[in-house]
Amino acid sequence: VGHTRYSTAGDDSILDAQPVFARYDLGEMAIVHNGNLTNADEVRQALIAKGAIFQTFMDTENLIHLIAKSEKEKLIDRIIDAVHRIEGAFSLVFLSRTKMFAMRDRHGFRPLSLGRLPNGGYIVASETCAFDLVGAEFIRDVRAGELLVFSEGQEPESIQVFEPTPKHCIFEYVYFARPDSMVFGQSVYQMRKNMGKELARVQPVEADVVIPVPDGGVPAAIGYAQESGIPYEMGIMRNHYIGRTFIEPTQEMRDLKVKMKLSPMPNVIAGKRVVVIDDSIVRGTTSKRIVRMLKEAGAKEVHMRVSSPPTTDPCFYGVDTPDKDKLIAANMTLEQICEYIEADSLAYLDEAALLRSVNATEDNYCTACFTGKYIV
């Protein structure tokens, strides 16, 4: 099992890196987790009161203790016992000496897919692009509330632990997932292009060129240009040795990365009315720097268009936006944000248009970061 850490609980340190390992009465086990447990503090305190000693600040470690303290005899029964004690978003993989287990919460907040390796073995991953790297064939998504049990030389056993009530995270389509992945059964790249096309329909502007904020804004910018008929150009170049700015843990690191990461192309934008397409505006600091950078490079006008609704509420299901006072759209009007980022105009994709873009309704997608309608 392997894990790329994006800290939503615990510290951004090697101590809180996953997998979480444990030795207990049934042997050895490793766990990786994508998501966030909403009752983690409550469960942690109850375990500490019973003598548990924690080695990390991660919510994932709760599962180790719940499994170790379970009175069930078999590991599979202990896992089922443990997941009935937790709430929130979790896509999980457990590995013991003889078996592997994969599970999603009842809402299927975070993606988890099942694939088949060329040698006949099985693989599970958060994104299908991981299958391409090892030549695996995508089979299907792990269902919401489903536990898969993998034993050597056997087909996976499926156990429906919870009644599924899907509420997939729509921000996976907006930002998180790689565009070459299939997430929740659909192409991420195509969904983002759809968002750009919808954005051009509902938020048009007279301009000379459409440019993306790379790399997240590229598919939506292509869609916007195709729908509007405005030429598409790469007016900002990205240094690909610099990682994603949104997931950095501190504002200082985000500011530094923006400066190092993005460079304008004056020959593309000088003297032109520019439409800049970005996938989201969370804190606003990146957008402000981008607009200023483009104007310093000679842009006549800079019109910011965002291929998602305003992020007004924190996410408790695996996105690191815990405080509402850090979300610019929760504390400023549209006009105030536009003035703050120094754009000539600013417009967002509305929720209804976003849902149309991904062929969905509010019934089966979580939009809490845009609406404040929390599921658990």
# chains A, B, ... in the order shown; residues from 1 in each chain; ligands from 1
$ residues_around --residues "stretch 13-24 of chain A" --least-positions-apart "2" --cutoff "7 Å" --atoms "only C-alpha atoms" --output "PyMOL selection string"
chain A and resi 2-3+5+10-11+26-32+56-58+61+64+68
$ write_last_selection --atoms "N, CA and C atoms" --output "CSV table (one decimal), in the first residue's frame"
chain,number,residue,atom,x,y,z
A,2,GLY,N,0.5,2.3,-0.7
A,2,GLY,CA,1.2,3.5,-0.7
A,2,GLY,C,0.2,4.7,-0.6
A,3,HIS,N,0.7,5.9,-0.3
A,3,HIS,CA,-0.1,7.0,0.0
A,3,HIS,C,0.6,8.3,-0.3
A,5,ARG,N,0.4,12.0,0.8
A,5,ARG,CA,-0.2,12.7,1.9
A,5,ARG,C,-0.6,14.1,1.5
A,10,GLY,N,-4.1,16.2,11.6
A,10,GLY,CA,-2.7,16.0,12.0
A,10,GLY,C,-1.8,17.0,11.4
A,11,ASP,N,-0.5,16.8,11.6
A,11,ASP,CA,0.5,17.7,11.1
A,11,ASP,C,1.1,17.3,9.7
A,26,LEU,N,-3.6,-9.9,16.4
A,26,LEU,CA,-3.8,-10.7,15.2
A,26,LEU,C,-2.6,-10.6,14.2
A,27,GLY,N,-1.6,-9.9,14.5
A,27,GLY,CA,-0.5,-9.8,13.6
A,27,GLY,C,-0.1,-8.4,13.3
A,28,GLU,N,0.2,-8.1,12.0
A,28,GLU,CA,0.6,-6.8,11.5
A,28,GLU,C,-0.4,-6.3,10.5
A,29,MET,N,-0.5,-4.9,10.5
A,29,MET,CA,-1.5,-4.3,9.6
A,29,MET,C,-1.0,-2.9,9.2
A,30,ALA,N,-1.3,-2.5,8.0
A,30,ALA,CA,-1.1,-1.2,7.5
A,30,ALA,C,-2.4,-0.6,6.9
A,31,ILE,N,-2.6,0.7,7.2
A,31,ILE,CA,-3.8,1.4,6.7
A,31,ILE,C,-3.5,2.6,6.0
A,32,VAL,N,-4.2,2.9,4.8
A,32,VAL,CA,-4.1,4.2,4.2
A,32,VAL,C,-5.5,4.7,4.1
A,56,THR,N,0.5,9.5,16.6
A,56,THR,CA,0.4,10.6,15.7
A,56,THR,C,-0.9,11.4,16.0
A,57,PHE,N,-1.1,12.5,15.3
A,57,PHE,CA,-2.3,13.3,15.4
A,57,PHE,C,-3.3,13.0,14.3
A,58,MET,N,-3.1,12.0,13.5
A,58,MET,CA,-3.9,11.6,12.4
A,58,MET,C,-5.2,11.0,12.8
A,61,GLU,N,-5.4,7.0,12.7
A,61,GLU,CA,-4.9,6.2,13.7
A,61,GLU,C,-6.0,5.6,14.6
A,64,ILE,N,-6.8,2.0,13.8
A,64,ILE,CA,-5.9,1.0,14.3
A,64,ILE,C,-6.3,0.6,15.7
A,68,ALA,N,-7.8,-3.0,17.0
A,68,ALA,CA,-7.0,-3.7,18.0
A,68,ALA,C,-7.8,-4.0,19.3
$ residues_around --residues "A:Phe90" --least-positions-apart "2" --cutoff "10 Å" --atoms "only C-alpha atoms" --output "mmCIF file with N, CA and C atoms, in the first residue's frame"
data_model
loop_
_atom_site.group_PDB
_atom_site.id
_atom_site.type_symbol
_atom_site.label_atom_id
_atom_site.label_comp_id
_atom_site.auth_asym_id
_atom_site.auth_seq_id
_atom_site.Cartn_x
_atom_site.Cartn_y
_atom_site.Cartn_z
ATOM 1 N N VAL A 32 -4.152 2.897 4.845
ATOM 2 C CA VAL A 32 -4.103 4.211 4.201
ATOM 3 C C VAL A 32 -5.534 4.722 4.070
ATOM 4 N N HIS A 33 -5.668 6.041 4.105
ATOM 5 C CA HIS A 33 -6.989 6.667 4.212
ATOM 6 C C HIS A 33 -7.016 7.948 3.397
ATOM 7 N N ASN A 34 -8.040 8.101 2.588
ATOM 8 C CA ASN A 34 -8.321 9.359 1.901
ATOM 9 C C ASN A 34 -9.665 9.855 2.392
ATOM 10 N N GLY A 35 -9.686 11.059 2.974
ATOM 11 C CA GLY A 35 -10.921 11.613 3.512
ATOM 12 C C GLY A 35 -10.676 12.314 4.829
ATOM 13 N N ASN A 36 -11.714 12.397 5.639
ATOM 14 C CA ASN A 36 -11.608 13.038 6.946
ATOM 15 C C ASN A 36 -12.721 12.504 7.842
ATOM 16 N N LEU A 37 -12.375 12.121 9.064
ATOM 17 C CA LEU A 37 -13.360 11.586 10.001
ATOM 18 C C LEU A 37 -13.917 12.722 10.840
ATOM 19 N N THR A 60 -6.712 8.890 11.092
ATOM 20 C CA THR A 60 -6.605 7.503 10.622
ATOM 21 C C THR A 60 -6.170 6.552 11.728
ATOM 22 N N VAL A 83 -15.535 0.455 11.461
ATOM 23 C CA VAL A 83 -16.110 1.487 10.586
ATOM 24 C C VAL A 83 -17.511 1.897 11.024
ATOM 25 N N ILE A 86 -17.018 5.107 13.214
ATOM 26 C CA ILE A 86 -16.506 6.359 12.652
ATOM 27 C C ILE A 86 -17.546 7.001 11.744
ATOM 28 N N GLU A 87 -17.411 8.313 11.565
ATOM 29 C CA GLU A 87 -18.304 9.076 10.694
ATOM 30 C C GLU A 87 -17.467 9.978 9.791
ATOM 31 N N GLY A 88 -18.058 10.361 8.671
ATOM 32 C CA GLY A 88 -17.370 11.273 7.767
ATOM 33 C C GLY A 88 -17.010 10.614 6.458
ATOM 34 N N LEU A 92 -10.681 3.672 2.201
ATOM 35 C CA LEU A 92 -9.666 2.999 3.017
ATOM 36 C C LEU A 92 -9.092 1.782 2.305
ATOM 37 N N VAL A 93 -7.808 1.530 2.557
ATOM 38 C CA VAL A 93 -7.184 0.267 2.170
ATOM 39 C C VAL A 93 -6.449 -0.276 3.391
ATOM 40 N N MET A 103 -12.366 -0.183 1.198
ATOM 41 C CA MET A 103 -13.718 0.219 1.590
ATOM 42 C C MET A 103 -13.956 1.699 1.371
ATOM 43 N N ARG A 104 -15.214 2.036 1.055
ATOM 44 C CA ARG A 104 -15.657 3.435 0.975
ATOM 45 C C ARG A 104 -16.792 3.664 1.962
ATOM 46 N N ASP A 105 -16.901 4.908 2.428
ATOM 47 C CA ASP A 105 -18.005 5.260 3.317
ATOM 48 C C ASP A 105 -19.338 5.183 2.573
ATOM 49 N N ARG A 106 -20.413 5.259 3.312
ATOM 50 C CA ARG A 106 -21.749 5.056 2.737
ATOM 51 C C ARG A 106 -22.114 6.110 1.684
ATOM 52 N N HIS A 107 -21.469 7.291 1.767
ATOM 53 C CA HIS A 107 -21.769 8.358 0.809
ATOM 54 C C HIS A 107 -20.834 8.344 -0.397
ATOM 55 N N GLY A 108 -19.740 7.602 -0.313
ATOM 56 C CA GLY A 108 -18.785 7.583 -1.419
ATOM 57 C C GLY A 108 -18.204 8.948 -1.701
ATOM 58 N N PHE A 109 -17.934 9.703 -0.631
ATOM 59 C CA PHE A 109 -17.398 11.059 -0.802
ATOM 60 C C PHE A 109 -16.168 11.066 -1.702
ATOM 61 N N ARG A 110 -15.196 10.226 -1.359
ATOM 62 C CA ARG A 110 -13.919 10.194 -2.080
ATOM 63 C C ARG A 110 -13.884 8.999 -3.034
ATOM 64 N N PRO A 111 -13.251 9.152 -4.187
ATOM 65 C CA PRO A 111 -13.226 8.056 -5.162
ATOM 66 C C PRO A 111 -12.349 6.893 -4.717
ATOM 67 N N LEU A 112 -12.675 5.717 -5.189
ATOM 68 C CA LEU A 112 -11.850 4.523 -5.001
ATOM 69 C C LEU A 112 -12.236 3.539 -6.099
ATOM 70 N N GLY A 145 -20.212 2.417 0.614
ATOM 71 C CA GLY A 145 -20.582 1.492 1.679
ATOM 72 C C GLY A 145 -20.109 0.070 1.487
ATOM 73 N N TYR A 317 -14.724 16.955 4.916
ATOM 74 C CA TYR A 317 -14.702 15.617 4.333
ATOM 75 C C TYR A 317 -13.434 15.344 3.525
ATOM 76 N N GLY A 318 -12.365 16.113 3.778
ATOM 77 C CA GLY A 318 -11.113 15.793 3.119
ATOM 78 C C GLY A 318 -10.476 16.910 2.325
#
$ residues_around --residues "A:Asp215" --least-positions-apart "4" --cutoff "10 Å" --atoms "only C-alpha atoms" --output "ChimeraX atom specification"
/A:175,179,219,236-238,240,244,278-279
$ atom_distance --atom1 "atom CA of A:Cys315" --atom2 "atom CA of A:Ala360"
19.9 Å
$ closest_residue --among "A:Asp344, A:Glu42, A:Cys129, A:Lys300" --to "A:Tyr189" --atoms "only C-alpha atoms"
A:Cys129
$ atom_distance --atom1 "atom CA of A:Val319" --atom2 "atom CA of A:Val306"
18.6 Å
$ residues_around --residues "stretch 118-123 of chain A" --least-positions-apart "2" --cutoff "7 Å" --atoms "only C-alpha atoms" --output "number ranges by chain"
A: 114-116, 125, 135-136
$ write_last_selection --atoms "C-alpha atoms" --output "compact mmCIF listing (two decimals), in the first residue's frame"
# COMPACT_ATOMS: atom_id res chain seq x y z
CA LEU A 114 -10.86 -1.38 -8.67
CA GLY A 115 -8.56 -2.61 -11.43
CA ARG A 116 -6.99 -5.82 -12.71
CA ALA A 125 -6.48 3.36 -6.25
CA GLY A 135 -0.83 -1.42 -17.22
CA ALA A 136 -3.89 -2.32 -15.15
$ select_by_dssp --residues "stretch 118-233 of chain A" --states "strand (DSSP E)" --output "PyMOL selection string"
chain A and resi 122-125+137-141+146-151+157-160+168-169+182-183+186-187+209-212
$ write_last_selection --atoms "N, CA and C atoms" --output "short mmCIF file (atom, residue, chain, number, x, y, z; two decimals), in the first residue's frame"
data_model
loop_
_atom_site.label_atom_id
_atom_site.label_comp_id
_atom_site.auth_asym_id
_atom_site.auth_seq_id
_atom_site.Cartn_x
_atom_site.Cartn_y
_atom_site.Cartn_z
N TYR A 122 -5.09 -7.89 -8.49
CA TYR A 122 -5.99 -6.74 -8.41
C TYR A 122 -5.28 -5.54 -7.80
N ILE A 123 -5.81 -4.36 -8.13
CA ILE A 123 -5.26 -3.10 -7.64
C ILE A 123 -6.42 -2.17 -7.32
N VAL A 124 -6.29 -1.40 -6.25
CA VAL A 124 -7.26 -0.35 -5.96
C VAL A 124 -6.50 0.97 -5.83
N ALA A 125 -7.13 2.05 -6.28
CA ALA A 125 -6.48 3.36 -6.25
C ALA A 125 -7.54 4.45 -6.21
N GLU A 137 -6.13 -2.77 -15.88
CA GLU A 137 -7.42 -2.52 -16.54
C GLU A 137 -8.45 -2.09 -15.49
N PHE A 138 -9.13 -0.98 -15.74
CA PHE A 138 -10.19 -0.52 -14.84
C PHE A 138 -11.36 -1.48 -14.90
N ILE A 139 -11.84 -1.90 -13.73
CA ILE A 139 -13.00 -2.79 -13.66
C ILE A 139 -14.25 -2.00 -13.28
N ARG A 140 -14.20 -1.36 -12.12
CA ARG A 140 -15.34 -0.58 -11.65
C ARG A 140 -14.93 0.22 -10.44
N ASP A 141 -15.79 1.13 -10.00
CA ASP A 141 -15.59 1.83 -8.74
C ASP A 141 -16.00 0.92 -7.59
N GLU A 146 -19.33 -0.19 0.44
CA GLU A 146 -18.88 -1.55 0.12
C GLU A 146 -17.50 -1.84 0.70
N LEU A 147 -17.31 -3.07 1.17
CA LEU A 147 -16.01 -3.57 1.61
C LEU A 147 -15.61 -4.70 0.67
N LEU A 148 -14.43 -4.56 0.06
CA LEU A 148 -13.89 -5.62 -0.79
C LEU A 148 -12.79 -6.35 -0.03
N VAL A 149 -12.81 -7.69 -0.10
CA VAL A 149 -11.82 -8.52 0.57
C VAL A 149 -11.02 -9.27 -0.49
N PHE A 150 -9.71 -9.10 -0.47
CA PHE A 150 -8.82 -9.72 -1.45
C PHE A 150 -7.99 -10.81 -0.77
N SER A 151 -8.08 -12.02 -1.31
CA SER A 151 -7.28 -13.14 -0.83
C SER A 151 -6.51 -13.72 -2.01
N GLU A 157 -14.04 -10.63 -2.68
CA GLU A 157 -15.34 -10.84 -2.03
C GLU A 157 -15.94 -9.47 -1.71
N SER A 158 -17.20 -9.28 -2.05
CA SER A 158 -17.88 -8.00 -1.82
C SER A 158 -18.86 -8.12 -0.66
N ILE A 159 -18.74 -7.20 0.29
CA ILE A 159 -19.66 -7.14 1.43
C ILE A 159 -20.22 -5.72 1.49
N GLN A 160 -21.54 -5.59 1.41
CA GLN A 160 -22.16 -4.27 1.49
C GLN A 160 -22.40 -3.96 2.97
N HIS A 168 -21.17 12.13 -3.72
CA HIS A 168 -19.80 12.28 -4.18
C HIS A 168 -19.34 13.74 -4.08
N CYS A 169 -18.06 13.92 -3.78
CA CYS A 169 -17.49 15.27 -3.68
C CYS A 169 -17.35 15.89 -5.06
N MET A 182 -10.71 8.75 -14.66
CA MET A 182 -12.16 8.58 -14.62
C MET A 182 -12.54 8.59 -13.15
N VAL A 183 -13.39 9.51 -12.76
CA VAL A 183 -13.81 9.63 -11.37
C VAL A 183 -15.34 9.60 -11.32
N GLN A 186 -16.97 9.09 -14.73
CA GLN A 186 -16.91 10.05 -15.82
C GLN A 186 -15.49 10.61 -15.98
N SER A 187 -15.19 11.07 -17.20
CA SER A 187 -13.89 11.66 -17.50
C SER A 187 -13.74 13.01 -16.83
N VAL A 209 -8.66 37.22 -26.05
CA VAL A 209 -7.97 35.96 -25.86
C VAL A 209 -8.43 35.31 -24.55
N VAL A 210 -8.50 33.98 -24.55
CA VAL A 210 -8.81 33.19 -23.36
C VAL A 210 -7.53 32.48 -22.93
N ILE A 211 -7.15 32.64 -21.66
CA ILE A 211 -5.97 31.94 -21.16
C ILE A 211 -6.33 31.23 -19.85
N PRO A 212 -5.71 30.07 -19.61
CA PRO A 212 -5.96 29.37 -18.35
C PRO A 212 -4.94 29.73 -17.29
#
$ residues_around --residues "A:Val188" --least-positions-apart "2" --cutoff "12 Å" --atoms "only C-alpha atoms" --output "ChimeraX atom specification"
/A:127-129,170-186,190-195,216,219-220,357-358
